[in-house]
>>> print(open('query_6.txt').read())   # compact mmCIF, C-alpha atoms
# COMPACT_ATOMS: atom_id res chain seq x y z
CA MET A 1 82.13 103.95 107.88
CA PRO A 2 85.23 104.08 110.12
CA LYS A 3 86.00 107.43 111.72
CA GLY A 4 89.31 109.26 111.67
CA LYS A 5 92.37 107.09 111.02
CA GLU A 6 90.75 103.93 112.31
CA LEU A 7 90.07 101.50 109.49
CA LEU A 8 88.32 98.20 109.16
CA ASN A 9 90.63 95.21 109.07
CA LYS A 10 92.87 95.34 105.97
CA VAL A 11 94.16 91.76 105.85
CA PRO A 12 92.54 88.37 105.14
CA ALA A 13 91.83 85.63 107.65
CA ILE A 14 94.63 83.07 107.99
CA THR A 15 93.05 79.97 106.47
CA LEU A 16 94.25 77.06 104.35
CA LEU A 17 93.15 78.99 101.25
CA PHE A 18 95.34 81.89 102.40
CA TRP A 19 98.42 79.65 102.49
CA LEU A 20 97.55 78.04 99.16
CA ALA A 21 97.20 81.43 97.48
CA LYS A 22 100.48 82.58 99.06
CA LEU A 23 102.35 79.53 97.74
CA ILE A 24 100.91 80.02 94.26
CA SER A 25 101.84 83.71 94.28
CA THR A 26 105.49 82.89 95.08
CA GLY A 27 105.72 80.30 92.31
CA LEU A 28 104.13 82.85 89.99
CA GLY A 29 106.62 85.51 91.04
CA GLU A 30 109.64 83.29 90.36
CA SER A 31 108.57 82.05 86.93
CA VAL A 32 107.20 85.37 85.67
CA SER A 33 110.23 87.29 86.93
CA ASP A 34 112.65 84.94 85.14
CA TYR A 35 110.59 84.80 81.96
CA SER A 36 110.17 88.57 81.82
CA SER A 37 113.91 89.13 82.32
CA GLN A 38 114.72 86.69 79.50
CA ILE A 39 112.12 87.94 77.04
CA PHE A 40 114.69 90.01 75.11
CA GLY A 41 117.18 87.13 75.02
CA GLN A 42 120.50 86.47 76.68
CA GLN A 43 122.20 89.18 74.62
CA ASN A 44 119.92 91.84 76.12
CA GLN A 45 119.73 90.66 79.72
CA GLY A 46 120.16 94.18 81.08
CA LEU A 47 117.22 95.41 79.00
CA GLY A 48 115.12 92.45 80.17
CA GLU A 49 115.87 93.19 83.80
CA LEU A 50 115.03 96.87 83.34
CA PHE A 51 111.77 95.88 81.65
CA THR A 52 110.89 93.54 84.54
CA VAL A 53 111.58 96.20 87.16
CA GLY A 54 109.58 98.77 85.22
CA TRP A 55 106.31 96.89 84.82
CA SER A 56 106.34 94.93 88.10
CA LEU A 57 107.25 97.91 90.30
CA SER A 58 104.73 100.17 88.52
CA LEU A 59 101.85 97.73 88.89
CA PHE A 60 102.84 96.94 92.48
CA ALA A 61 102.79 100.67 93.31
CA ILE A 62 99.35 101.03 91.74
CA PHE A 63 97.73 98.12 93.57
CA LEU A 64 99.45 98.86 96.88
CA THR A 65 98.17 102.44 96.63
CA LEU A 66 94.66 101.11 96.04
CA GLN A 67 95.16 98.78 99.00
CA PHE A 68 96.17 101.68 101.27
CA ARG A 69 93.35 103.92 100.09
CA SER A 70 90.73 101.27 100.74
CA ASN A 71 89.17 101.34 104.18
CA ARG A 72 88.86 97.56 104.42
CA TYR A 73 90.24 94.30 103.07
CA ARG A 74 89.76 94.06 99.30
CA PRO A 75 90.91 90.65 97.99
CA VAL A 76 91.89 91.89 94.51
CA TYR A 77 94.03 94.76 95.82
CA TYR A 78 95.65 92.63 98.53
CA TRP A 79 96.47 89.55 96.46
CA LEU A 80 97.62 91.40 93.34
CA SER A 81 99.94 93.42 95.59
CA VAL A 82 101.31 90.16 97.00
CA ALA A 83 101.75 88.58 93.55
CA LEU A 84 103.47 91.65 92.10
CA LEU A 85 105.70 91.92 95.15
CA ALA A 86 106.66 88.29 94.51
CA VAL A 87 107.91 89.34 91.07
CA PHE A 88 109.63 92.52 92.22
CA GLY A 89 110.91 90.98 95.47
CA THR A 90 112.57 88.15 93.58
CA PHE A 91 114.33 90.60 91.30
CA SER A 92 115.30 92.92 94.19
CA ALA A 93 117.00 90.17 96.18
CA ASP A 94 118.90 88.93 93.13
CA THR A 95 119.91 92.46 92.11
CA PHE A 96 121.12 93.26 95.63
CA LYS A 97 123.41 90.22 95.51
CA SER A 98 124.72 91.13 92.06
CA LEU A 99 125.41 94.77 92.94
CA THR A 100 127.11 94.05 96.27
CA GLY A 101 129.00 90.93 95.24
CA LEU A 102 127.92 89.24 98.47
CA HIS A 103 127.22 85.51 98.78
CA TYR A 104 123.82 83.96 99.41
CA MET A 105 124.66 83.14 103.03
CA GLU A 106 125.51 86.79 103.63
CA THR A 107 122.44 88.22 101.87
CA THR A 108 120.27 85.76 103.81
CA ALA A 109 121.72 87.09 107.07
CA ILE A 110 121.23 90.72 105.95
CA PHE A 111 117.59 90.28 104.94
CA GLY A 112 116.95 88.33 108.14
CA ALA A 113 118.39 91.20 110.18
CA LEU A 114 116.31 93.75 108.24
CA MET A 115 113.18 91.74 108.98
CA LEU A 116 114.00 91.74 112.70
CA VAL A 117 114.58 95.50 112.56
CA SER A 118 111.17 95.87 110.88
CA PHE A 119 109.54 93.87 113.68
CA ALA A 120 111.26 95.99 116.34
CA ALA A 121 110.22 99.26 114.70
CA TRP A 122 106.68 97.97 114.23
CA TYR A 123 106.32 97.04 117.90
CA LEU A 124 107.99 100.17 119.26
CA SER A 125 105.76 102.35 117.09
CA THR A 126 102.41 100.59 117.62
CA LYS A 127 102.91 98.32 120.68
CA ASP A 128 101.26 95.63 118.57
CA LEU A 129 102.44 92.93 116.14
CA SER A 130 99.03 91.50 115.36
CA ILE A 131 98.70 90.00 111.88
CA HIS A 132 94.92 89.73 112.30
CA HIS A 133 93.95 93.34 112.96
CA ILE A 134 95.65 95.81 110.64
CA THR A 135 93.41 98.79 111.35
CA SER A 136 95.59 101.85 110.75
CA HIS A 137 97.86 103.10 107.97
CA LYS A 138 100.86 102.94 110.31
CA LYS A 139 100.28 99.25 111.07
CA GLU A 140 99.64 98.59 107.42
CA ALA A 141 102.90 100.25 106.38
CA PHE A 142 104.89 98.08 108.81
CA TYR A 143 102.95 95.00 107.68
CA TRP A 144 103.88 95.51 104.02
CA LEU A 145 107.47 96.43 104.85
CA THR A 146 107.80 93.16 106.75
CA VAL A 147 106.14 91.27 103.90
CA ALA A 148 108.67 92.78 101.45
CA PHE A 149 111.62 91.72 103.62
CA SER A 150 110.09 88.23 103.96
CA PHE A 151 110.12 87.84 100.16
CA MET A 152 113.75 88.95 99.95
CA LEU A 153 114.78 86.73 102.86
CA GLY A 154 112.97 83.74 101.38
CA THR A 155 114.55 84.36 97.98
CA ALA A 156 118.08 84.54 99.38
CA ALA A 157 117.61 81.56 101.72
CA GLY A 158 116.12 79.37 99.00
CA ASP A 159 118.95 80.17 96.58
CA TRP A 160 121.52 79.56 99.32
CA LEU A 161 120.16 76.07 99.93
CA ALA A 162 119.69 75.15 96.27
CA THR A 163 122.79 76.61 94.62
CA ALA A 164 125.93 74.56 93.95
CA ARG A 165 129.39 75.77 94.92
CA THR A 166 131.00 74.77 91.63
CA GLY A 167 129.80 74.04 88.09
CA GLY A 168 126.60 75.15 86.41
CA TYR A 169 125.26 78.55 85.41
CA ASN A 170 124.65 80.03 88.87
CA VAL A 171 127.24 79.11 91.52
CA ASP A 172 128.02 80.43 94.99
CA PRO A 173 130.93 79.56 97.30
CA THR A 174 128.51 79.26 100.24
CA GLY A 175 125.83 77.29 98.38
CA LEU A 176 124.56 74.11 100.05
CA ASN A 177 123.96 72.32 96.71
CA LEU A 178 120.58 70.79 97.58
CA GLY A 179 119.09 71.55 94.19
CA PHE A 180 115.62 72.91 93.43
CA LEU A 181 113.63 69.76 94.13
CA ASN A 182 115.32 68.84 97.42
CA THR A 183 115.09 72.42 98.65
CA GLY A 184 111.38 72.51 97.84
CA LEU A 185 110.72 69.16 99.51
CA ILE A 186 112.72 69.87 102.68
CA LEU A 187 111.39 73.38 103.23
CA GLY A 188 107.93 72.21 102.19
CA ALA A 189 108.03 69.60 104.95
CA VAL A 190 109.03 72.27 107.48
CA PHE A 191 106.23 74.50 106.21
CA ILE A 192 103.63 71.71 106.61
CA ALA A 193 104.97 70.93 110.10
CA ILE A 194 104.48 74.58 111.14
CA LEU A 195 100.92 74.62 109.79
CA ALA A 196 100.24 71.33 111.59
CA TYR A 197 101.53 72.83 114.83
CA ARG A 198 99.27 75.85 114.39
CA ALA A 199 96.26 73.63 113.65
CA ILE A 200 96.84 71.15 116.49
CA ARG A 201 98.21 73.34 119.28
CA ARG A 202 96.16 76.41 118.33
CA PRO A 203 98.44 79.02 119.93
CA ALA A 204 96.62 81.99 121.42
CA GLN A 205 95.96 84.76 118.94
CA ASN A 206 98.71 87.41 118.94
CA SER A 207 100.89 85.33 121.27
CA VAL A 208 104.62 85.12 120.55
CA SER A 209 104.19 81.55 119.31
CA GLU A 210 101.29 82.46 117.02
CA ILE A 211 103.03 85.45 115.46
CA ALA A 212 106.40 83.70 115.13
CA THR A 213 104.97 80.61 113.44
CA PHE A 214 102.92 82.77 111.06
CA TRP A 215 105.96 84.67 109.84
CA LEU A 216 108.15 81.57 109.66
CA ALA A 217 105.53 79.92 107.46
CA TYR A 218 105.13 83.13 105.47
CA ILE A 219 108.88 83.29 104.77
CA LEU A 220 108.99 79.61 103.81
CA THR A 221 106.27 79.98 101.17
CA ARG A 222 108.76 81.97 99.07
CA PRO A 223 111.55 79.36 98.70
CA VAL A 224 109.04 76.47 98.57
CA GLY A 225 107.01 77.98 95.74
CA ALA A 226 110.08 79.27 93.91
CA SER A 227 111.99 75.98 94.22
CA PHE A 228 109.18 74.00 92.61
CA ALA A 229 108.75 76.72 89.98
CA ASP A 230 112.44 76.46 89.06
CA TYR A 231 112.47 72.67 89.21
CA PHE A 232 109.56 72.28 86.79
CA GLY A 233 110.80 75.18 84.69
CA TYR A 234 114.43 74.06 84.36
CA ASP A 235 114.97 70.45 85.50
CA PHE A 236 111.74 68.47 84.99
CA HIS A 237 112.02 66.52 81.70
CA ASN A 238 115.02 68.69 80.79
CA GLY A 239 113.01 71.82 81.46
CA PHE A 240 110.55 71.35 78.61
CA LEU A 241 108.02 73.59 80.37
CA GLY A 242 110.46 76.46 80.78
CA ASN A 243 109.65 79.74 82.48
CA GLN A 244 107.07 80.52 79.80
CA GLY A 245 105.09 77.33 80.38
CA MET A 246 105.35 77.63 84.16
CA SER A 247 104.25 81.28 84.02
CA VAL A 248 101.07 80.25 82.19
CA ILE A 249 100.40 77.46 84.71
CA TRP A 250 101.00 79.70 87.73
CA LEU A 251 98.85 82.49 86.27
CA ALA A 252 95.99 80.05 85.73
CA LEU A 253 96.29 78.69 89.29
CA PHE A 254 96.47 82.21 90.71
CA ALA A 255 93.39 83.30 88.75
CA VAL A 256 91.43 80.32 90.08
CA SER A 257 92.54 80.85 93.69
CA LEU A 258 91.81 84.58 93.50
CA GLY A 259 88.40 83.86 92.01
CA VAL A 260 87.56 81.53 94.90
CA ILE A 261 88.81 84.08 97.44
CA VAL A 262 86.73 86.88 95.88
CA TRP A 263 83.66 84.63 95.77
CA GLN A 264 84.04 83.60 99.41
CA HIS A 265 84.62 87.19 100.50
CA ALA A 266 81.54 88.42 98.61
CA LYS A 267 79.49 85.63 100.14
CA GLN A 268 80.63 86.57 103.65
CA GLN A 269 79.93 90.27 103.07
CA SER A 270 76.44 89.80 101.59
CA PRO A 271 73.64 91.00 103.91
CA VAL A 272 71.40 88.42 105.51
CA SER A 273 68.02 88.76 103.85
CA ASP A 274 66.12 86.15 105.77
CA GLU A 275 64.20 87.45 108.72
CA VAL A 276 63.85 85.50 111.91
CA VAL A 277 60.18 85.09 112.64
CA ASP A 278 58.84 84.53 116.11
CA THR A 279 56.34 81.75 115.46
CA GLU A 280 54.72 82.19 118.84
CA SER A 281 54.00 85.85 118.04
CA VAL A 282 52.50 84.83 114.71
CA LYS A 283 50.23 82.35 116.44
CA LYS A 284 49.08 84.98 118.92
CA VAL A 285 48.27 87.42 116.12
CA ALA A 286 46.42 84.74 114.17
CA THR A 287 44.21 83.84 117.15
CA LYS A 288 43.15 87.43 117.77
>>> encode(input="query_6.txt", output="structure tokens")
Amino acid sequence: MPKGKELLNKVPAITLLFWLAKLISTGLGESVSDYSSQIFGQQNQGLGELFTVGWSLSLFAIFLTLQFRSNRYRPVYYWLSVALLAVFGTFSADTFKSLTGLHYMETTAIFGALMLVSFAAWYLSTKDLSIHHITSHKKEAFYWLTVAFSFMLGTAAGDWLATARTGGYNVDPTGLNLGFLNTGLILGAVFIAILAYRAIRRPAQNSVSEIATFWLAYILTRPVGASFADYFGYDFHNGFLGNQGMSVIWLALFAVSLGVIVWQHAKQQSPVSDEVVDTESVKKVATK
């Protein structure tokens, strides 16, 4: 058992399964957030948004509290916190834009600046930006604060790229009009390129390159997952799947990925029961 404030590592290893689960959680967050906000119909959009904030923020607070109280990485607490933050983070970024009247380009810049401020405060407070060894509550608090800003930044950036300047339901004077599919494909290609760089070049752990590429990829998972969620929910075959259909699909994928993660974690944590036997010693005993 760890002593004092020192904890065992509170975050998962950065593997391909980690990135897959992260992408699924962002798609889940986008579809579920939209579906939940629309559940009371277009005439009661305000009620739907209040309902979405209520349940997603409450559940996020519960699982994040469990995550903080745990003395080690617990896959269920960690990944449910991420998935619920994907729902709440999506709504928070959209609400911030609506309340301030700012454009997507401006909100993207603001959330990007907030993320840089979070990094600076994290480093000045702990002298460490490691994303592999979160072993104190202070580091963990900065980690989750940065994660929250990454969701908001990814939401704003993805909408900025996808949204049209004129026509349609959701327009923005600064929008780049790439559409959901093109945004997902372009940013998805950048995301894959970053992962390829990390796999091929293998930057030293906790180096500037390693930390920077991790967070760039982490930010990109949000607009990539959300863009494909919106494309298949709204555009694919005239949106016959809708947010309801996509929510079911994402929930199923998330349940499978979380199940695999929990199984792998339990397997890694299980004690080794086989004993190593010195055959030479056995022979000596047998000959006595």
>>> closest_residue(input="query_6.txt", among="A:Leu57, A:Leu28, A:Leu47, A:Leu16", to="Gly245 (chain A)", atoms="all atoms listed in the file")
A:Leu28
>>> atom_distance(input="query_6.txt", atom1="CA of Gly158 (chain A)", atom2="CA of Ser227 (chain A)")
7.2 Å
>>> closest_residue(input="query_6.txt", among="A:Ser70, A:Ser136, A:Ser58, A:Ser92", to="Ala148 (chain A)", atoms="only C-alpha atoms")
A:Ser92
>>> closest_residue(input="query_6.txt", among="A:Thr146, A:Thr26, A:Asn44, A:Thr108", to="Phe88 (chain A)", atoms="only C-alpha atoms")
A:Thr26
>>> closest_residue(input="query_6.txt", among="A:Ala21, A:Val87, A:Leu64, A:Leu181", to="Tyr234 (chain A)", atoms="all atoms listed in the file")
A:Leu181
